[in-house]
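Trainee: Structure file upload_29.cif (mmCIF, C-alpha atoms) right here:
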```cif
data_entry
#
loop_
_atom_site.label_atom_id
_atom_site.label_comp_id
_atom_site.auth_asym_id
_atom_site.auth_seq_id
_atom_site.Cartn_x
_atom_site.Cartn_y
_atom_site.Cartn_z
CA MET E 1 31.31 165.11 154.61
CA THR E 2 28.81 164.24 151.86
CA GLN E 3 26.80 166.69 149.82
CA LYS E 4 23.45 165.12 149.05
CA PHE E 5 20.99 165.62 146.22
CA SER E 6 17.39 164.66 145.48
CA ASN E 7 15.58 164.62 142.15
CA ASN E 8 12.62 166.96 141.64
CA ALA E 9 13.18 168.63 145.02
CA ARG E 10 11.15 171.83 144.68
CA THR E 11 8.75 173.63 147.04
CA VAL E 12 8.00 177.06 148.52
CA LEU E 13 8.74 178.66 151.87
CA ALA E 14 5.94 178.27 154.41
CA ALA E 15 7.09 181.40 156.23
CA GLY E 16 9.30 184.36 155.43
CA ILE E 17 12.87 184.63 156.75
CA SER E 18 15.20 187.53 157.44
CA ALA E 19 18.68 187.86 155.98
CA SER E 20 20.21 186.50 159.19
CA GLU E 21 17.91 183.63 160.16
CA THR E 22 19.45 180.14 160.16
CA SER E 23 16.29 178.04 159.97
CA LEU E 24 13.39 177.90 157.54
CA SER E 25 10.19 175.96 156.94
CA VAL E 26 8.90 174.68 153.62
CA GLN E 27 5.36 173.92 152.52
CA SER E 28 3.74 171.26 154.69
CA GLY E 29 4.48 167.74 153.53
CA ASP E 30 7.24 168.77 151.11
CA GLY E 31 10.15 168.34 153.53
CA ASP E 32 10.83 164.78 152.43
CA LEU E 33 11.35 165.93 148.85
CA PHE E 34 14.78 166.97 150.15
CA PRO E 35 17.62 164.89 151.63
CA VAL E 36 18.00 164.12 155.32
CA ALA E 37 20.91 166.02 156.88
CA ASP E 38 22.74 165.25 160.13
CA THR E 39 22.76 167.67 163.01
CA ASP E 40 26.05 169.52 163.30
CA THR E 41 27.23 172.66 165.01
CA GLY E 42 30.94 172.31 164.22
CA PRO E 43 32.98 173.82 161.37
CA LEU E 44 31.17 174.58 158.12
CA PHE E 45 29.98 171.35 156.46
CA SER E 46 31.94 169.06 158.75
CA VAL E 47 28.75 167.01 158.98
CA ASP E 48 28.39 163.60 157.39
CA ASP E 49 25.44 164.73 155.23
CA TRP E 50 24.30 168.16 154.08
CA PHE E 51 22.68 169.72 151.01
CA LYS E 52 22.40 172.98 149.12
CA LEU E 53 19.10 174.80 148.75
CA PHE E 54 18.46 177.47 146.11
CA ILE E 55 15.94 180.21 147.05
CA THR E 56 14.45 182.62 144.50
CA ASP E 57 11.34 184.68 143.82
CA VAL E 58 9.73 186.78 141.10
CA SER E 59 12.53 189.33 141.41
CA GLY E 60 14.91 186.81 139.87
CA GLN E 61 17.38 187.10 142.77
CA ILE E 62 18.93 183.84 144.01
CA GLU E 63 20.52 182.89 147.30
CA ILE E 64 22.24 179.55 147.83
CA VAL E 65 22.21 178.19 151.38
CA GLY E 66 23.63 175.08 153.01
CA VAL E 67 21.26 172.98 155.10
CA ARG E 68 23.05 171.03 157.81
CA THR E 69 20.03 169.65 159.66
CA ARG E 70 16.76 168.15 158.46
CA ALA E 71 15.19 165.14 160.11
CA GLY E 72 13.17 162.64 158.13
CA GLY E 73 9.49 163.64 157.96
CA SER E 74 10.27 167.22 158.97
CA ASP E 75 9.48 170.35 156.97
CA VAL E 76 11.93 172.39 159.08
CA MET E 77 15.52 172.95 157.96
CA SER E 78 17.96 174.30 160.56
CA ASN E 79 21.65 175.03 161.08
CA VAL E 80 21.43 176.78 157.73
CA VAL E 81 24.54 178.50 156.37
CA ARG E 82 23.57 181.55 154.35
CA ALA E 83 24.99 183.15 151.19
CA LEU E 84 27.03 180.31 149.68
CA ASP E 85 28.92 180.33 146.37
CA GLY E 86 29.15 184.11 146.13
CA THR E 87 25.44 184.82 146.62
CA THR E 88 24.03 187.37 149.07
CA ALA E 89 21.85 186.73 152.12
CA ARG E 90 18.42 188.26 151.50
CA ILE E 91 14.99 188.67 153.03
CA TRP E 92 12.60 186.09 151.61
CA GLY E 93 8.85 186.15 151.92
CA VAL E 94 6.22 183.45 152.11
CA GLY E 95 5.96 181.59 148.82
CA ALA E 96 9.57 182.11 147.75
CA VAL E 97 10.65 179.11 145.69
CA ALA E 98 13.14 176.67 147.26
CA TYR E 99 14.72 173.93 145.15
CA GLN E 100 17.85 171.83 144.61
CA ALA E 101 20.24 172.30 141.69
CA PHE E 102 23.91 172.25 140.75
CA SER E 103 25.92 175.42 141.18
CA ALA E 104 29.04 176.25 139.21
CA ASN E 105 31.10 175.33 142.27
CA ASP E 106 29.38 171.95 142.41
CA LEU E 107 30.31 171.26 138.80
CA VAL E 108 33.93 172.29 139.40
CA SER E 109 34.07 170.10 142.50
CA ALA E 110 32.50 167.17 140.64
CA ILE E 111 35.01 167.48 137.81
CA SER E 112 37.89 167.76 140.28
CA ASN E 113 36.68 164.70 142.18
CA ALA E 114 36.27 162.77 138.94
CA GLU E 115 39.79 163.69 137.86
CA ALA E 116 41.17 162.65 141.25
CA ALA E 117 39.27 159.36 141.06
CA LEU E 118 40.60 158.77 137.54
CA LEU E 119 44.16 159.49 138.67
CA ALA E 120 43.76 157.13 141.62
CA ALA E 121 42.39 154.45 139.30
CA GLN E 122 45.33 154.91 136.92
CA GLU E 123 47.80 154.66 139.81
CA ALA E 124 46.04 151.54 141.06
CA GLU E 125 46.21 150.07 137.56
CA THR E 126 49.93 150.80 137.41
CA VAL E 127 50.48 149.13 140.77
CA ALA E 128 48.42 146.14 139.67
CA THR E 129 50.32 145.92 136.38
CA ASN E 130 53.66 146.03 138.17
CA ALA E 131 52.50 143.43 140.66
CA LEU E 132 51.30 141.21 137.83
CA ALA E 133 54.63 141.65 136.09
CA LEU E 134 56.42 140.60 139.27
CA VAL E 135 54.22 137.57 139.79
CA SER E 136 54.27 136.41 136.18
CA GLY E 137 57.89 137.26 135.54
CA GLY E 138 57.40 140.17 133.16
CA SER E 139 60.66 141.99 132.52
CA ILE E 140 62.42 140.46 135.52
CA PRO E 141 65.33 138.44 134.11
CA PRO E 142 65.91 134.81 135.07
CA GLY E 143 68.32 134.35 137.95
CA VAL E 144 67.07 137.25 140.05
CA ILE E 145 66.80 136.19 143.69
CA ALA E 146 64.20 137.58 146.06
CA TYR E 147 62.19 136.83 149.18
CA TRP E 148 58.45 136.09 149.16
CA PRO E 149 56.04 136.66 152.09
CA ALA E 150 54.14 133.40 151.56
CA ALA E 151 54.89 129.69 151.65
CA THR E 152 54.29 129.21 147.90
CA PRO E 153 56.38 131.09 145.31
CA PRO E 154 54.69 133.12 142.54
CA VAL E 155 54.33 131.73 139.03
CA GLY E 156 57.66 131.54 137.22
CA TRP E 157 59.71 131.45 140.42
CA PHE E 158 61.32 128.58 142.33
CA ILE E 159 62.18 128.10 145.99
CA ARG E 160 65.94 128.23 146.50
CA ASN E 161 66.07 124.85 148.21
CA GLY E 162 68.56 123.03 145.99
CA GLN E 163 65.86 121.34 143.93
CA ALA E 164 66.60 120.02 140.44
CA VAL E 165 64.76 121.81 137.61
CA SER E 166 64.53 121.27 133.88
CA ARG E 167 67.32 122.60 131.69
CA ALA E 168 64.99 122.73 128.68
CA ASP E 169 62.32 124.73 130.53
CA ASN E 170 64.83 127.13 132.08
CA PRO E 171 67.55 127.66 129.45
CA LEU E 172 68.34 131.25 130.44
CA LEU E 173 68.66 130.41 134.12
CA PHE E 174 70.80 127.39 133.24
CA ALA E 175 73.03 129.61 131.10
CA ILE E 176 73.56 131.88 134.12
CA ILE E 177 74.24 129.43 136.97
CA GLY E 178 74.95 126.22 135.06
CA THR E 179 75.83 123.40 137.42
CA ASP E 180 77.40 125.64 140.08
CA HIS E 181 74.94 124.29 142.62
CA GLY E 182 74.66 120.72 141.37
CA ILE E 183 74.44 118.83 138.08
CA GLY E 184 70.93 117.50 138.67
CA ASP E 185 70.60 114.22 136.80
CA GLY E 186 73.59 115.18 134.69
CA THR E 187 71.67 115.60 131.42
CA THR E 188 68.18 117.09 131.66
CA THR E 189 68.17 118.90 135.00
CA PHE E 190 70.37 121.13 137.14
CA ASN E 191 70.22 122.19 140.78
CA LEU E 192 69.20 125.55 142.16
CA PRO E 193 71.01 127.26 145.04
CA ASN E 194 70.06 125.91 148.45
CA ASP E 195 69.44 128.66 150.98
CA VAL E 196 66.75 126.76 152.88
CA THR E 197 69.07 124.26 154.52
CA ASN E 198 70.63 125.93 157.57
CA ASN E 199 68.47 129.01 156.85
CA ARG E 200 71.34 130.85 155.19
CA PHE E 201 71.68 134.61 155.24
CA ILE E 202 72.73 136.51 152.11
CA ARG E 203 75.83 138.72 152.05
CA ALA E 204 77.74 140.60 149.37
CA SER E 205 80.56 138.91 147.49
CA GLY E 206 83.97 140.47 147.08
CA GLY E 207 87.59 139.99 148.02
CA ALA E 208 88.19 136.38 149.00
CA LEU E 209 84.43 135.71 149.06
CA ALA E 210 83.39 134.58 145.58
CA VAL E 211 79.86 134.66 144.16
CA GLY E 212 77.98 131.59 145.37
CA ALA E 213 80.50 130.77 148.10
CA ILE E 214 79.08 129.10 151.21
CA GLN E 215 80.43 130.02 154.63
CA ALA E 216 80.19 127.87 157.74
CA PRO E 217 79.01 129.50 160.97
CA VAL E 218 81.79 131.06 163.07
CA ASN E 219 82.13 133.50 165.92
CA LEU E 220 84.55 136.41 165.90
CA THR E 221 87.74 135.64 167.85
CA HIS E 222 87.47 137.09 171.33
CA THR E 223 88.64 136.60 174.92
CA HIS E 224 86.99 135.89 178.26
CA ALA E 225 88.23 137.18 181.62
CA ALA E 226 88.71 134.59 184.40
CA SER E 227 90.06 134.55 187.97
CA SER E 228 90.68 131.95 190.69
CA GLY E 229 90.20 132.03 194.43
CA SER E 230 92.99 132.54 196.98
CA THR E 231 92.66 129.07 198.55
CA GLY E 232 95.80 126.89 198.91
CA ALA E 233 97.91 129.10 201.23
CA HIS E 234 101.12 127.25 202.31
CA THR E 235 104.74 127.63 203.57
CA HIS E 236 108.17 126.32 202.54
CA THR E 237 110.93 125.16 205.00
CA GLN E 238 114.42 126.64 204.57
CA GLY E 239 117.11 124.18 205.66
CA GLN E 240 120.59 124.85 207.17
CA VAL E 241 123.55 123.43 205.21
CA GLY E 242 126.26 123.43 207.95
CA THR E 243 128.15 125.32 210.74
CA VAL E 244 131.69 126.59 211.38
CA ALA E 245 133.06 125.99 214.90
CA SER E 246 134.66 128.78 216.97
CA GLY E 247 138.50 129.00 217.04
CA SER E 248 141.54 130.45 215.19
CA TYR E 249 142.12 129.73 211.50
CA ASN E 250 144.87 130.62 209.01
CA LEU E 251 143.96 131.29 205.40
CA ALA E 252 145.85 129.09 202.98
CA SER E 253 147.22 132.02 201.01
CA GLY E 254 149.27 134.68 202.79
CA GLY E 255 149.09 133.17 206.26
CA VAL E 256 146.59 135.68 207.49
CA GLY E 257 144.81 134.44 210.58
CA ILE E 258 141.20 134.91 211.56
CA THR E 259 139.47 134.08 214.78
CA ILE E 260 135.88 132.88 215.00
CA VAL E 261 134.60 133.56 218.45
CA SER E 262 131.37 131.63 218.07
CA SER E 263 129.82 129.11 215.78
CA VAL E 264 128.46 130.55 212.52
CA GLY E 265 125.67 128.85 210.61
CA SER E 266 125.09 129.19 206.89
CA SER E 267 121.69 129.10 205.12
CA SER E 268 120.97 127.28 201.90
CA ALA E 269 119.41 128.95 198.82
CA ASN E 270 117.06 126.06 198.22
CA THR E 271 113.67 125.31 199.77
CA SER E 272 111.74 122.10 199.99
CA SER E 273 109.04 121.23 197.45
CA ALA E 274 106.40 120.65 200.09
CA GLY E 275 103.01 122.26 199.47
CA SER E 276 102.86 121.82 195.68
CA HIS E 277 99.25 122.22 194.40
CA ALA E 278 97.05 123.28 191.44
CA HIS E 279 94.07 125.60 190.81
CA THR E 280 91.10 124.80 188.56
CA VAL E 281 89.70 127.79 186.58
CA SER E 282 86.30 127.53 184.86
CA VAL E 283 84.61 130.07 182.56
CA THR E 284 80.81 129.98 182.47
CA SER E 285 78.87 130.28 179.22
CA SER E 286 75.94 132.62 178.58
CA GLY E 287 73.04 132.57 176.12
CA ASP E 288 70.30 130.05 175.43
CA ALA E 289 70.56 129.42 171.67
CA THR E 290 72.44 127.03 169.41
CA GLU E 291 73.53 129.79 167.02
CA ALA E 292 74.68 133.40 166.96
CA ARG E 293 72.31 135.62 164.96
CA PRO E 294 70.98 139.19 164.73
CA TYR E 295 67.29 140.10 164.87
CA ALA E 296 65.67 138.42 161.88
CA ARG E 297 62.39 137.74 160.07
CA ALA E 298 61.93 134.69 157.86
CA TYR E 299 60.72 134.91 154.24
CA LEU E 300 60.66 132.36 151.42
CA PRO E 301 63.90 132.50 149.37
CA ILE E 302 63.05 132.37 145.65
CA ILE E 303 64.81 132.61 142.29
CA LYS E 304 63.35 133.61 138.91
CA GLY E 305 63.19 130.76 136.42
CA GLY E 306 63.06 130.89 132.64
#
```
Translate the structure of the given file into structure tokens.

Mentor:
Amino acid sequence: MTQKFSNNARTVLAAGISASETSLSVQSGDGDLFPVADTDTGPLFSVDDWFKLFITDVSGQIEIVGVRTRAGGSDVMSNVVRALDGTTARIWGVGAVAYQAFSANDLVSAISNAEAALLAAQEAETVATNALALVSGGSIPPGVIAYWPAATPPVGWFIRNGQAVSRADNPLLFAIIGTDHGIGDGTTTFNLPNDVTNNRFIRASGGALAVGAIQAPVNLTHTHAASSGSTGAHTHTQGQVGTVASGSYNLASGGVGITIVSSVGSSSANTSSAGSHAHTVSVTSSGDATEARPYARAYLPIIKGG
């Protein structure tokens, strides 16, 4: 909602009003001395535009009302809210003076709004200052790594793509990383880390993983289940080794005799090797990528120079 004001907005009532009426008319032709207000029948002053009207007469009494509707060119003001800012709704006769002015509440509101605007401006200035410090380097020490949401790094920063940079122009950065990522030309330059090649992720160092260590891509050791079909059913032939004929026999030791009344066959414990075969087992792969990765979003890897 917007409370509106007009300069030199002063007239008189064209007709008297009771203490409960919500519309009034001003002197013919004076309506446009006052702001235009939008029609609204919702909550108090939920309109886009409205204005306050002060009404007084020779008695010195004052009532402040809120006008929510006045069309351009009209001398009629409607949807009027009576008795604002602690005043009392009264009966007003023809010729009562109607004008615009600031009430104490308006001044308090204006001061409050100004203070809020000042606070917002100060916060915006702080944000801008911090952003400028980030872009220009500010208190950020050389060697800090970050990610940037644009293809070009901010001033004072380099892309971490293994490029060679000047040792003289970046003495603090050179003191931190030295030639850990490459000697450059060996005298005047040194290389930055290269996280662009292979689009490397960043992870914490510790344990066997030293600062600056590079790891090749691997997958966690795991197993796959596999099975083969039941094809290749076959049989083996069991052969007979020999027979013993029927008759009477004496055992060599003790002279005990035995009689075999019919031929007895004996079975071997070996089978033939017929039916030897093999099964081929294949495990299918899944996935459609050339790497294993989590959900990701790409940003420009940068490092602070200096």

Trainee: Would you kindly translate the PyMOL selection byres ((chain E and resi 82) around 9) into the concrete residues it picks from this file, as a CSV table (one decimal) with C-alpha atoms, in the coordinates of the input?

Mentor:
```csv
chain,number,residue,atom,x,y,z
E,19,ALA,CA,18.7,187.9,156.0
E,20,SER,CA,20.2,186.5,159.2
E,21,GLU,CA,17.9,183.6,160.2
E,22,THR,CA,19.4,180.1,160.2
E,63,GLU,CA,20.5,182.9,147.3
E,64,ILE,CA,22.2,179.6,147.8
E,65,VAL,CA,22.2,178.2,151.4
E,66,GLY,CA,23.6,175.1,153.0
E,67,VAL,CA,21.3,173.0,155.1
E,80,VAL,CA,21.4,176.8,157.7
E,81,VAL,CA,24.5,178.5,156.4
E,83,ALA,CA,25.0,183.2,151.2
E,84,LEU,CA,27.0,180.3,149.7
E,87,THR,CA,25.4,184.8,146.6
E,88,THR,CA,24.0,187.4,149.1
E,89,ALA,CA,21.8,186.7,152.1
E,90,ARG,CA,18.4,188.3,151.5
```

Trainee: Go through E:Ser285, E:Thr221, E:Ser59, E:Ser23 and flag the residue nearest Val97 (chain E), using only C-alpha atoms for the distances.

Mentor: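 Checking each of E:Ser285, E:Thr221, E:Ser59, E:Ser23 against Val97 (chain E), counting only C-alpha atoms, the winner is E:Ser59.
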
Trainee: Using all atoms listed in the file, which of the listed residues (E:Arg200, E:Lys304, E:His224, E:Arg68) sits closest to Pro171 (chain E)?

Mentor: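 Comparing E:Arg200, E:Lys304, E:His224, E:Arg68 against Pro171 (chain E), the winner is E:Lys304.
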
Trainee: Using CA of Val108 (chain E) and CA of Ala96 (chain E) as the two end points, give the distance in Å to one decimal.

Mentor: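 Taking CA of Val108 (chain E) and CA of Ala96 (chain E), their separation equals 27.6 Å.
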
Trainee: Which residues would end up in the selection if the PyMOL selection byres ((chain E and resi 188) around 9) were applied here, given that I need the answer as a list in words?

Mentor: Val165, Ser166, Arg167, Ala168, Gly184, Asp185, Gly186, Thr187, Thr189 and Phe190 of chain E

Trainee: Convert the current residue selection to file output with C-alpha atoms, as a PDB file, in the frame of the given file.

Mentor:
```
ATOM      1  CA  VAL E 165      64.760 121.810 137.610  1.00  0.00           C
ATOM      2  CA  SER E 166      64.530 121.270 133.880  1.00  0.00           C
ATOM      3  CA  ARG E 167      67.320 122.600 131.690  1.00  0.00           C
ATOM      4  CA  ALA E 168      64.990 122.730 128.680  1.00  0.00           C
ATOM      5  CA  GLY E 184      70.930 117.500 138.670  1.00  0.00           C
ATOM      6  CA  ASP E 185      70.600 114.220 136.800  1.00  0.00           C
ATOM      7  CA  GLY E 186      73.590 115.180 134.690  1.00  0.00           C
ATOM      8  CA  THR E 187      71.670 115.600 131.420  1.00  0.00           C
ATOM      9  CA  THR E 189      68.170 118.900 135.000  1.00  0.00           C
ATOM     10  CA  PHE E 190      70.370 121.130 137.140  1.00  0.00           C
TER      11      PHE E 190
END
```

Trainee: Kindly list the centre and edge lengths in Å, rounded to one decimal, for the axis-aligned box that covers all listed atoms of region 67-78 of chain E plus 4 Å on each of its six sides, as AutoDock Vina command-line options.

Mentor:
```
--center_x 16.3 --center_y 168.5 --center_z 157.8 --size_x 21.6 --size_y 19.7 --size_z 13.5
```

Trainee: Evaluating the PyMOL selection byres ((chain E and resi 47-55) around 10) on the displayed file yields which residues, as a ChimeraX atom specification?

Mentor: /E:1-6,9-13,34-46,56-57,60-70,80-82,84,90,92,96-103,106

Trainee: Take the residues that were just selected and, keeping C-alpha atoms, output them as a PDB file, in the coordinates of the input.

Mentor:
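Final output, saved to result.pdb:
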```
ATOM      1  CA  MET E   1      31.310 165.110 154.610  1.00  0.00           C
ATOM      2  CA  THR E   2      28.810 164.240 151.860  1.00  0.00           C
ATOM      3  CA  GLN E   3      26.800 166.690 149.820  1.00  0.00           C
ATOM      4  CA  LYS E   4      23.450 165.120 149.050  1.00  0.00           C
ATOM      5  CA  PHE E   5      20.990 165.620 146.220  1.00  0.00           C
ATOM      6  CA  SER E   6      17.390 164.660 145.480  1.00  0.00           C
ATOM      7  CA  ALA E   9      13.180 168.630 145.020  1.00  0.00           C
ATOM      8  CA  ARG E  10      11.150 171.830 144.680  1.00  0.00           C
ATOM      9  CA  THR E  11       8.750 173.630 147.040  1.00  0.00           C
ATOM     10  CA  VAL E  12       8.000 177.060 148.520  1.00  0.00           C
ATOM     11  CA  LEU E  13       8.740 178.660 151.870  1.00  0.00           C
ATOM     12  CA  PHE E  34      14.780 166.970 150.150  1.00  0.00           C
ATOM     13  CA  PRO E  35      17.620 164.890 151.630  1.00  0.00           C
ATOM     14  CA  VAL E  36      18.000 164.120 155.320  1.00  0.00           C
ATOM     15  CA  ALA E  37      20.910 166.020 156.880  1.00  0.00           C
ATOM     16  CA  ASP E  38      22.740 165.250 160.130  1.00  0.00           C
ATOM     17  CA  THR E  39      22.760 167.670 163.010  1.00  0.00           C
ATOM     18  CA  ASP E  40      26.050 169.520 163.300  1.00  0.00           C
ATOM     19  CA  THR E  41      27.230 172.660 165.010  1.00  0.00           C
ATOM     20  CA  GLY E  42      30.940 172.310 164.220  1.00  0.00           C
ATOM     21  CA  PRO E  43      32.980 173.820 161.370  1.00  0.00           C
ATOM     22  CA  LEU E  44      31.170 174.580 158.120  1.00  0.00           C
ATOM     23  CA  PHE E  45      29.980 171.350 156.460  1.00  0.00           C
ATOM     24  CA  SER E  46      31.940 169.060 158.750  1.00  0.00           C
ATOM     25  CA  THR E  56      14.450 182.620 144.500  1.00  0.00           C
ATOM     26  CA  ASP E  57      11.340 184.680 143.820  1.00  0.00           C
ATOM     27  CA  GLY E  60      14.910 186.810 139.870  1.00  0.00           C
ATOM     28  CA  GLN E  61      17.380 187.100 142.770  1.00  0.00           C
ATOM     29  CA  ILE E  62      18.930 183.840 144.010  1.00  0.00           C
ATOM     30  CA  GLU E  63      20.520 182.890 147.300  1.00  0.00           C
ATOM     31  CA  ILE E  64      22.240 179.550 147.830  1.00  0.00           C
ATOM     32  CA  VAL E  65      22.210 178.190 151.380  1.00  0.00           C
ATOM     33  CA  GLY E  66      23.630 175.080 153.010  1.00  0.00           C
ATOM     34  CA  VAL E  67      21.260 172.980 155.100  1.00  0.00           C
ATOM     35  CA  ARG E  68      23.050 171.030 157.810  1.00  0.00           C
ATOM     36  CA  THR E  69      20.030 169.650 159.660  1.00  0.00           C
ATOM     37  CA  ARG E  70      16.760 168.150 158.460  1.00  0.00           C
ATOM     38  CA  VAL E  80      21.430 176.780 157.730  1.00  0.00           C
ATOM     39  CA  VAL E  81      24.540 178.500 156.370  1.00  0.00           C
ATOM     40  CA  ARG E  82      23.570 181.550 154.350  1.00  0.00           C
ATOM     41  CA  LEU E  84      27.030 180.310 149.680  1.00  0.00           C
ATOM     42  CA  ARG E  90      18.420 188.260 151.500  1.00  0.00           C
ATOM     43  CA  TRP E  92      12.600 186.090 151.610  1.00  0.00           C
ATOM     44  CA  ALA E  96       9.570 182.110 147.750  1.00  0.00           C
ATOM     45  CA  VAL E  97      10.650 179.110 145.690  1.00  0.00           C
ATOM     46  CA  ALA E  98      13.140 176.670 147.260  1.00  0.00           C
ATOM     47  CA  TYR E  99      14.720 173.930 145.150  1.00  0.00           C
ATOM     48  CA  GLN E 100      17.850 171.830 144.610  1.00  0.00           C
ATOM     49  CA  ALA E 101      20.240 172.300 141.690  1.00  0.00           C
ATOM     50  CA  PHE E 102      23.910 172.250 140.750  1.00  0.00           C
ATOM     51  CA  SER E 103      25.920 175.420 141.180  1.00  0.00           C
ATOM     52  CA  ASP E 106      29.380 171.950 142.410  1.00  0.00           C
TER      53      ASP E 106
END
```
